[in-house]
>>> print(open('run_36.csv').read())   # CSV, N, CA and C atoms and all ligand atoms
chain,number,residue,atom,x,y,z
W,1,VAL,N,102.3,148.4,177.4
W,1,VAL,CA,101.7,147.8,176.2
W,1,VAL,C,101.4,146.3,176.5
W,2,THR,N,100.6,145.7,175.7
W,2,THR,CA,100.3,144.3,175.9
W,2,THR,C,101.4,143.5,175.3
W,3,TYR,N,101.4,142.3,175.7
W,3,TYR,CA,102.5,141.4,175.2
W,3,TYR,C,102.5,141.3,173.7
W,4,LEU,N,101.3,141.3,173.1
W,4,LEU,CA,101.3,141.2,171.6
W,4,LEU,C,101.9,142.4,170.9
W,5,VAL,N,101.4,143.6,171.4
W,5,VAL,CA,101.9,144.8,170.8
W,5,VAL,C,103.4,144.9,171.0
W,6,GLN,N,103.9,144.5,172.2
W,6,GLN,CA,105.3,144.6,172.4
W,6,GLN,C,106.1,143.7,171.5
W,7,ARG,N,105.6,142.5,171.2
W,7,ARG,CA,106.3,141.7,170.3
W,7,ARG,C,106.3,142.3,168.9
W,8,VAL,N,105.3,142.9,168.5
W,8,VAL,CA,105.3,143.6,167.2
W,8,VAL,C,106.3,144.7,167.2
W,9,LEU,N,106.4,145.5,168.2
W,9,LEU,CA,107.4,146.5,168.3
W,9,LEU,C,108.8,145.9,168.2
W,10,ALA,N,109.0,144.8,168.9
W,10,ALA,CA,110.3,144.2,168.9
W,10,ALA,C,110.6,143.7,167.5
W,11,ALA,N,109.6,143.3,166.8
W,11,ALA,CA,109.9,142.8,165.5
W,11,ALA,C,110.2,143.9,164.4
W,12,THR,N,109.8,145.1,164.7
W,12,THR,CA,110.0,146.1,163.7
W,12,THR,C,111.5,146.5,163.5
W,13,GLY,N,112.3,146.2,164.5
W,13,GLY,CA,113.7,146.5,164.4
W,13,GLY,C,114.4,145.5,163.5
W,14,CYS,N,113.7,144.4,163.2
W,14,CYS,CA,114.4,143.3,162.6
W,14,CYS,C,113.4,142.6,161.7
W,15,LEU,N,113.1,143.0,160.5
W,15,LEU,CA,112.0,142.5,159.8
W,15,LEU,C,112.2,141.0,159.4
W,16,VAL,N,113.4,140.6,159.3
W,16,VAL,CA,113.7,139.2,159.0
W,16,VAL,C,114.2,138.6,160.3
W,17,LEU,N,113.3,137.8,161.0
W,17,LEU,CA,113.7,137.3,162.3
W,17,LEU,C,114.5,136.1,162.2
W,18,ALA,N,114.7,135.5,161.1
W,18,ALA,CA,115.5,134.3,161.0
W,18,ALA,C,117.0,134.7,160.9
W,19,VAL,N,117.8,133.9,160.3
W,19,VAL,CA,119.2,134.0,160.3
W,19,VAL,C,119.7,135.3,159.6
W,20,GLY,N,118.9,135.8,158.7
W,20,GLY,CA,119.3,137.0,157.9
W,20,GLY,C,119.7,138.2,158.7
W,21,CYS,N,119.2,138.4,159.9
W,21,CYS,CA,119.6,139.6,160.7
W,21,CYS,C,120.5,139.2,161.8
W,22,ALA,N,120.9,138.0,162.0
W,22,ALA,CA,121.5,137.6,163.2
W,22,ALA,C,122.9,138.3,163.4
W,23,ASP,N,123.6,138.5,162.3
W,23,ASP,CA,124.9,139.0,162.5
W,23,ASP,C,125.1,140.5,162.1
W,24,LYS,N,124.0,141.1,161.8
W,24,LYS,CA,124.1,142.5,161.4
W,24,LYS,C,124.1,143.4,162.6
W,25,ALA,N,124.9,144.4,162.6
W,25,ALA,CA,124.9,145.4,163.7
W,25,ALA,C,123.6,146.1,163.7
W,26,GLN,N,123.1,146.4,164.9
W,26,GLN,CA,121.9,147.2,165.1
W,26,GLN,C,122.3,148.6,165.5
W,27,PRO,N,121.4,149.6,165.3
W,27,PRO,CA,121.7,150.9,165.8
W,27,PRO,C,122.0,151.0,167.3
W,28,GLY,N,122.8,151.9,167.7
W,28,GLY,CA,123.1,152.0,169.1
W,28,GLY,C,124.2,151.1,169.6
W,29,GLY,N,124.9,150.5,168.7
W,29,GLY,CA,126.1,149.7,169.2
W,29,GLY,C,125.7,148.3,169.5
W,30,ALA,N,124.5,147.8,169.1
W,30,ALA,CA,124.1,146.5,169.5
W,30,ALA,C,124.5,145.5,168.4
W,31,SER,N,124.8,144.3,168.8
W,31,SER,CA,125.1,143.3,167.8
W,31,SER,C,124.7,141.9,168.3
W,32,ARG,N,124.4,141.0,167.4
W,32,ARG,CA,124.2,139.6,167.8
W,32,ARG,C,125.2,138.7,167.1
W,33,THR,N,125.6,137.7,167.9
W,33,THR,CA,126.5,136.8,167.3
W,33,THR,C,126.1,135.4,167.7
W,34,ALA,N,126.4,134.4,166.9
W,34,ALA,CA,126.2,133.0,167.3
W,34,ALA,C,127.5,132.7,168.1
W,35,ASP,N,127.4,131.5,168.7
W,35,ASP,CA,128.6,131.1,169.5
W,35,ASP,C,129.8,131.0,168.6
W,36,GLY,N,131.0,131.2,169.1
W,36,GLY,CA,132.2,131.1,168.3
W,36,GLY,C,133.0,132.3,168.3
W,37,SER,N,132.3,133.5,168.6
W,37,SER,CA,133.1,134.7,168.7
W,37,SER,C,134.0,134.7,170.0
W,38,SER,N,134.9,135.6,170.1
W,38,SER,CA,135.7,135.6,171.2
W,38,SER,C,134.9,135.9,172.5
W,39,SER,N,135.3,135.4,173.6
W,39,SER,CA,134.6,135.5,174.8
W,39,SER,C,134.8,137.0,175.4
W,40,PRO,N,133.7,137.6,175.9
W,40,PRO,CA,133.8,138.9,176.4
W,40,PRO,C,134.5,138.8,177.8
W,41,LYS,N,135.0,140.0,178.2
W,41,LYS,CA,135.5,140.1,179.6
W,41,LYS,C,134.5,139.7,180.5
W,42,SER,N,134.8,138.9,181.5
W,42,SER,CA,133.7,138.4,182.4
W,42,SER,C,133.0,139.5,183.2
W,43,ARG,N,133.7,140.5,183.5
W,43,ARG,CA,133.0,141.6,184.3
W,43,ARG,C,132.0,142.3,183.5
W,44,ASP,N,132.0,142.2,182.1
W,44,ASP,CA,131.0,142.9,181.3
W,44,ASP,C,130.1,141.9,180.7
W,45,ALA,N,129.9,140.8,181.4
W,45,ALA,CA,129.1,139.7,180.8
W,45,ALA,C,127.9,139.3,181.7
W,46,VAL,N,126.9,138.9,181.0
W,46,VAL,CA,125.7,138.4,181.7
W,46,VAL,C,125.3,137.1,181.1
W,47,SER,N,125.2,136.1,181.9
W,47,SER,CA,124.7,134.8,181.3
W,47,SER,C,123.2,134.6,181.6
W,48,ILE,N,122.6,134.0,180.7
W,48,ILE,CA,121.2,133.6,180.8
W,48,ILE,C,121.1,132.1,181.0
W,49,ARG,N,120.6,131.8,182.2
W,49,ARG,CA,120.4,130.4,182.5
W,49,ARG,C,119.4,130.2,183.5
W,50,LEU,N,118.7,129.0,183.5
W,50,LEU,CA,117.6,128.7,184.4
W,50,LEU,C,116.6,129.9,184.4
W,51,VAL,N,116.3,130.4,183.3
W,51,VAL,CA,115.3,131.4,183.1
W,51,VAL,C,115.6,132.6,184.0
W,52,ALA,N,116.9,133.0,184.0
W,52,ALA,CA,117.2,134.2,184.8
W,52,ALA,C,118.5,134.8,184.2
W,53,PHE,N,118.7,136.1,184.5
W,53,PHE,CA,119.9,136.8,184.1
W,53,PHE,C,120.8,136.8,185.3
W,54,SER,N,122.1,136.4,185.0
W,54,SER,CA,123.1,136.3,186.0
W,54,SER,C,124.4,137.0,185.6
W,55,PRO,N,124.8,138.0,186.4
W,55,PRO,CA,124.1,138.6,187.5
W,55,PRO,C,122.9,139.4,187.1
W,56,PRO,N,121.9,139.6,187.9
W,56,PRO,CA,120.7,140.4,187.5
W,56,PRO,C,121.1,141.9,187.4
W,57,LYS,N,122.0,142.3,188.2
W,57,LYS,CA,122.5,143.7,188.2
W,57,LYS,C,124.0,143.8,187.9
W,58,LEU,N,124.3,144.6,186.9
W,58,LEU,CA,125.7,144.7,186.5
W,58,LEU,C,126.1,146.2,186.5
W,59,GLU,N,127.3,146.5,187.0
W,59,GLU,CA,127.8,147.9,186.9
W,59,GLU,C,129.0,147.9,186.0
W,60,VAL,N,129.0,148.8,185.1
W,60,VAL,CA,130.1,148.9,184.1
W,60,VAL,C,130.6,150.3,183.9
W,61,ASP,N,131.7,150.5,183.3
W,61,ASP,CA,132.2,151.8,183.0
W,61,ASP,C,131.6,152.3,181.6
W,62,ALA,N,131.4,153.6,181.5
W,62,ALA,CA,130.9,154.1,180.2
W,62,ALA,C,131.8,153.6,179.1
W,63,GLY,N,131.2,153.2,178.0
W,63,GLY,CA,132.0,152.7,176.9
W,63,GLY,C,132.1,151.2,176.9
W,64,ALA,N,131.6,150.5,177.9
W,64,ALA,CA,131.7,149.1,178.0
W,64,ALA,C,130.8,148.4,177.1
W,65,LYS,N,131.3,147.3,176.5
W,65,LYS,CA,130.4,146.5,175.7
W,65,LYS,C,130.0,145.3,176.5
W,66,VAL,N,128.7,145.2,176.8
W,66,VAL,CA,128.1,144.1,177.6
W,66,VAL,C,127.6,143.0,176.7
W,67,THR,N,127.9,141.8,177.0
W,67,THR,CA,127.5,140.7,176.2
W,67,THR,C,126.7,139.7,177.1
W,68,TRP,N,125.5,139.4,176.6
W,68,TRP,CA,124.6,138.4,177.2
W,68,TRP,C,124.8,137.1,176.4
W,69,THR,N,125.0,136.0,177.1
W,69,THR,CA,125.1,134.7,176.5
W,69,THR,C,123.9,133.8,176.9
W,70,GLN,N,123.2,133.3,175.9
W,70,GLN,CA,122.0,132.5,176.2
W,70,GLN,C,122.4,131.1,176.4
W,71,GLY,N,122.4,130.6,177.6
W,71,GLY,CA,122.9,129.3,177.9
W,71,GLY,C,121.8,128.3,178.3
W,72,ASP,N,120.5,128.7,178.1
W,72,ASP,CA,119.4,127.9,178.5
W,72,ASP,C,119.0,126.9,177.4
W,73,LYS,N,119.3,125.7,177.6
W,73,LYS,CA,119.0,124.7,176.6
W,73,LYS,C,117.5,124.6,176.4
W,74,GLY,N,117.1,124.6,175.1
W,74,GLY,CA,115.6,124.4,174.8
W,74,GLY,C,114.8,125.6,175.1
W,75,SER,N,115.3,126.7,175.6
W,75,SER,CA,114.5,127.9,175.8
W,75,SER,C,114.9,129.1,174.9
W,76,VAL,N,114.0,130.0,174.7
W,76,VAL,CA,114.2,131.2,173.9
W,76,VAL,C,114.0,132.4,174.9
W,77,HIS,N,114.9,133.3,174.8
W,77,HIS,CA,114.9,134.5,175.7
W,77,HIS,C,115.2,135.7,174.8
W,78,THR,N,114.8,136.9,175.4
W,78,THR,CA,115.2,138.1,174.8
W,78,THR,C,115.9,139.0,175.8
W,79,VAL,N,116.7,140.0,175.3
W,79,VAL,CA,117.3,141.0,176.2
W,79,VAL,C,116.7,142.3,175.6
W,80,THR,N,115.7,142.9,176.3
W,80,THR,CA,114.9,144.0,175.8
W,80,THR,C,115.0,145.1,176.8
W,81,SER,N,115.4,146.3,176.4
W,81,SER,CA,115.5,147.4,177.3
W,81,SER,C,114.1,148.0,177.6
W,82,GLY,N,113.9,148.3,178.9
W,82,GLY,CA,112.7,148.9,179.3
W,82,GLY,C,112.3,148.4,180.7
W,83,THR,N,111.1,148.6,181.1
W,83,THR,CA,110.6,148.3,182.4
W,83,THR,C,109.4,147.4,182.4
W,84,VAL,N,109.2,146.7,183.5
W,84,VAL,CA,108.0,145.9,183.7
W,84,VAL,C,107.3,146.3,185.0
W,85,ASP,N,106.0,146.6,184.9
W,85,ASP,CA,105.2,147.0,186.0
W,85,ASP,C,104.4,145.8,186.5
W,86,ASP,N,104.3,145.6,187.8
W,86,ASP,CA,103.4,144.6,188.3
W,86,ASP,C,102.2,145.3,189.0
W,87,ASP,N,101.0,144.9,188.6
W,87,ASP,CA,99.9,145.5,189.3
W,87,ASP,C,99.4,144.7,190.4
W,88,ALA,N,98.4,145.1,191.1
W,88,ALA,CA,97.9,144.5,192.4
W,88,ALA,C,97.5,143.1,192.1
W,89,THR,N,97.0,142.7,190.9
W,89,THR,CA,96.5,141.4,190.7
W,89,THR,C,97.6,140.4,190.3
W,90,GLY,N,98.8,140.9,190.2
W,90,GLY,CA,99.9,140.1,189.8
W,90,GLY,C,100.2,140.1,188.3
W,91,ALA,N,99.4,140.8,187.5
W,91,ALA,CA,99.6,140.9,186.1
W,91,ALA,C,100.8,141.8,185.8
W,92,THR,N,101.5,141.6,184.7
W,92,THR,CA,102.7,142.4,184.4
W,92,THR,C,102.4,143.1,183.1
W,93,THR,N,102.9,144.3,183.0
W,93,THR,CA,102.9,145.1,181.8
W,93,THR,C,104.2,145.6,181.5
W,94,SER,N,104.7,145.3,180.3
W,94,SER,CA,106.1,145.7,179.9
W,94,SER,C,106.0,146.9,179.0
W,95,GLN,N,107.1,147.7,179.1
W,95,GLN,CA,107.2,148.9,178.3
W,95,GLN,C,108.7,148.9,177.8
W,96,SER,N,108.9,148.5,176.5
W,96,SER,CA,110.2,148.6,176.0
W,96,SER,C,110.5,150.0,175.6
W,97,ASP,N,111.8,150.4,175.9
W,97,ASP,CA,112.1,151.8,175.6
W,97,ASP,C,112.9,152.0,174.3
W,98,GLY,N,113.2,151.0,173.6
W,98,GLY,CA,113.9,151.1,172.3
W,98,GLY,C,115.4,151.3,172.3
W,99,THR,N,116.0,151.3,173.5
W,99,THR,CA,117.4,151.4,173.6
W,99,THR,C,118.2,150.2,173.0
W,100,PHE,N,117.7,149.0,173.4
W,100,PHE,CA,118.3,147.8,172.7
W,100,PHE,C,117.3,146.7,172.8
W,101,ASP,N,117.4,145.8,171.9
W,101,ASP,CA,116.5,144.6,171.9
W,101,ASP,C,117.2,143.5,171.1
W,102,SER,N,117.4,142.4,171.7
W,102,SER,CA,118.2,141.3,171.0
W,102,SER,C,117.3,140.6,170.0
W,103,GLY,N,116.0,140.6,170.2
W,103,GLY,CA,115.2,139.7,169.5
W,103,GLY,C,115.3,138.3,170.2
W,104,GLU,N,114.8,137.3,169.5
W,104,GLU,CA,114.8,136.0,170.2
W,104,GLU,C,116.2,135.4,170.1
W,105,LEU,N,116.7,135.0,171.3
W,105,LEU,CA,118.0,134.3,171.4
W,105,LEU,C,117.8,132.9,171.8
W,106,ARG,N,118.4,132.0,171.0
W,106,ARG,CA,118.4,130.6,171.3
W,106,ARG,C,119.7,130.2,171.9
W,107,GLU,N,119.7,128.9,172.3
W,107,GLU,CA,120.9,128.4,173.0
W,107,GLU,C,122.2,128.7,172.3
W,108,ASN,N,123.2,129.3,173.0
W,108,ASN,CA,124.5,129.6,172.5
W,108,ASN,C,124.5,130.9,171.7
W,109,GLU,N,123.4,131.6,171.5
W,109,GLU,CA,123.5,132.8,170.8
W,109,GLU,C,123.8,133.9,171.8
W,110,ARG,N,124.5,135.0,171.3
W,110,ARG,CA,124.9,136.1,172.2
W,110,ARG,C,124.3,137.4,171.6
W,111,PHE,N,124.2,138.3,172.5
W,111,PHE,CA,123.8,139.7,172.2
W,111,PHE,C,124.7,140.7,172.9
W,112,SER,N,125.2,141.7,172.2
W,112,SER,CA,126.0,142.7,172.8
W,112,SER,C,125.5,144.1,172.6
W,113,PHE,N,125.7,144.9,173.6
W,113,PHE,CA,125.4,146.3,173.5
W,113,PHE,C,126.4,147.2,174.1
W,114,THR,N,126.9,148.2,173.5
W,114,THR,CA,127.9,149.1,174.0
W,114,THR,C,127.2,150.3,174.7
W,115,PHE,N,127.5,150.5,175.9
W,115,PHE,CA,126.8,151.6,176.7
W,115,PHE,C,127.8,152.8,176.7
W,116,LEU,N,127.4,153.8,176.1
W,116,LEU,CA,128.2,155.0,176.0
W,116,LEU,C,127.8,156.1,177.0
W,117,GLN,N,126.6,156.1,177.4
W,117,GLN,CA,126.1,157.2,178.3
W,117,GLN,C,125.9,156.6,179.7
W,118,PRO,N,126.5,157.3,180.7
W,118,PRO,CA,126.2,156.9,182.1
W,118,PRO,C,124.7,156.9,182.4
W,119,GLY,N,124.2,156.0,183.3
W,119,GLY,CA,122.8,156.0,183.6
W,119,GLY,C,122.4,154.6,184.0
W,120,THR,N,121.2,154.4,184.3
W,120,THR,CA,120.6,153.1,184.7
W,120,THR,C,119.7,152.6,183.6
W,121,TYR,N,120.0,151.3,183.2
W,121,TYR,CA,119.3,150.7,182.0
W,121,TYR,C,118.6,149.5,182.5
W,122,PRO,N,117.4,149.6,182.8
W,122,PRO,CA,116.6,148.3,183.1
W,122,PRO,C,116.3,147.6,181.8
W,123,TYR,N,116.2,146.3,182.0
W,123,TYR,CA,115.8,145.4,180.8
W,123,TYR,C,115.1,144.2,181.3
W,124,PHE,N,114.5,143.5,180.4
W,124,PHE,CA,113.7,142.3,180.7
W,124,PHE,C,113.7,141.3,179.6
W,125,CYS,N,113.2,140.1,179.8
W,125,CYS,CA,113.0,139.1,178.7
W,125,CYS,C,111.6,139.3,178.3
W,126,ALA,N,111.3,139.5,177.1
W,126,ALA,CA,109.9,139.8,176.6
W,126,ALA,C,109.1,138.5,176.7
W,127,ILE,N,109.7,137.4,176.8
W,127,ILE,CA,109.0,136.1,176.9
W,127,ILE,C,108.7,135.7,178.3
W,128,HIS,N,109.5,136.1,179.2
W,128,HIS,CA,109.4,135.7,180.6
W,128,HIS,C,109.4,137.0,181.5
W,129,GLN,N,108.7,138.0,181.1
W,129,GLN,CA,108.8,139.3,181.8
W,129,GLN,C,108.3,139.3,183.2
W,130,ALA,N,107.6,138.3,183.6
W,130,ALA,CA,107.1,138.2,185.0
W,130,ALA,C,108.3,138.0,186.0
W,131,THR,N,109.3,137.3,185.5
W,131,THR,CA,110.4,137.0,186.4
W,131,THR,C,111.8,137.4,185.9
W,132,MET,N,111.9,137.5,184.6
W,132,MET,CA,113.3,137.7,184.0
W,132,MET,C,113.5,139.2,183.8
W,133,ARG,N,114.2,139.8,184.8
W,133,ARG,CA,114.5,141.2,184.7
W,133,ARG,C,116.0,141.5,185.1
W,134,GLY,N,116.5,142.5,184.6
W,134,GLY,CA,117.9,142.9,184.9
W,134,GLY,C,118.1,144.3,184.8
W,135,GLU,N,119.3,144.8,185.2
W,135,GLU,CA,119.6,146.2,185.1
W,135,GLU,C,121.1,146.4,184.9
W,136,VAL,N,121.5,147.3,184.1
W,136,VAL,CA,122.9,147.7,183.9
W,136,VAL,C,123.0,149.1,184.3
W,137,THR,N,124.0,149.3,185.2
W,137,THR,CA,124.3,150.7,185.7
W,137,THR,C,125.6,151.1,185.0
W,138,VAL,N,125.6,152.2,184.3
W,138,VAL,CA,126.8,152.7,183.7
W,138,VAL,C,127.3,153.9,184.4
W,139,ARG,N,128.6,153.8,184.8
W,139,ARG,CA,129.2,154.9,185.6
W,139,ARG,C,129.8,155.9,184.7
W,201,CU,CU,113.1,134.5,178.8
>>> encode(input="run_36.csv", output="structure tokens")
Amino acid sequence: VTYLVQRVLAATGCLVLAVGCADKAQPGGASRTADGSSSPKSRDAVSIRLVAFSPPKLEVDAGAKVTWTQGDKGSVHTVTSGTVDDDATGATTSQSDGTFDSGELRENERFSFTFLQPGTYPYFCAIHQATMRGEVTVR
């Protein structure tokens, strides 16, 4: 889908994109919190900094709650499940799969998702999909 369509899809899960939805649990075990909640176990954590997911690939046990922390000052990022294809011209097309979507995360905001089913879960940032991609493998 195009960038525009994707953003609309991302918005449907959260009609009020401002503070109103920030702390409500989302279907599938997802939640967003502002800074101040207890720190997650480091092995189930991904930090967002310098327009990248770190680590880009994470392996966890089934049932693990993975938390992404947005640490990029002045930037906005998303954690959106799905894939990004690169065509021969260098253009990128993303396809969110609906498993999880943080919406826009500003500095010091966190997003968590609990992975119950083993498998491979690719994800990307909907704003920087050309370079910001990651993957969670659930054993
Ligand atoms: Cu981004």
>>> closest_atom_pairs(input="run_36.csv", of="chain W", to="ligand CU 201 (chain W)", cutoff="6.5 Å", atoms="all atoms listed in the file", output="CSV")
residue,atom,partner,partner_atom,distance
W:Val51,CA,W:CU201,CU,5.7
W:Val76,C,W:CU201,CU,4.5
W:His77,CA,W:CU201,CU,3.6
W:Thr78,N,W:CU201,CU,4.5
W:Cys125,CA,W:CU201,CU,4.6
W:Ala126,N,W:CU201,CU,5.6
W:Ile127,C,W:CU201,CU,4.6
W:His128,N,W:CU201,CU,4.0
W:Gln129,N,W:CU201,CU,6.1
W:Met132,CA,W:CU201,CU,6.1
>>> closest_residue(input="run_36.csv", among="W:Gly90, W:Gly74, W:Gly82, W:Pro118", to="Arg106 of chain W", atoms="only N, CA and C atoms")
W:Gly74
>>> closest_residue(input="run_36.csv", among="W:Ser75, W:Thr92, W:Thr67, W:Ser81", to="Asp44 of chain W", atoms="all atoms listed in the file")
W:Thr67
>>> atom_distance(input="run_36.csv", atom1="atom C of Phe100 of chain W", atom2="atom N of Thr80 of chain W")
5.4 Å
>>> atom_distance(input="run_36.csv", atom1="atom N of Val136 of chain W", atom2="atom CA of Val66 of chain W")
9.8 Å
>>> closest_residue(input="run_36.csv", among="W:Ser47, W:Gln117, W:Thr33, W:Ser96", to="Ala64 of chain W", atoms="all atoms listed in the file")
W:Gln117
>>> atom_distance(input="run_36.csv", atom1="atom CA of Thr99 of chain W", atom2="atom CA of Trp68 of chain W")
15.3 Å
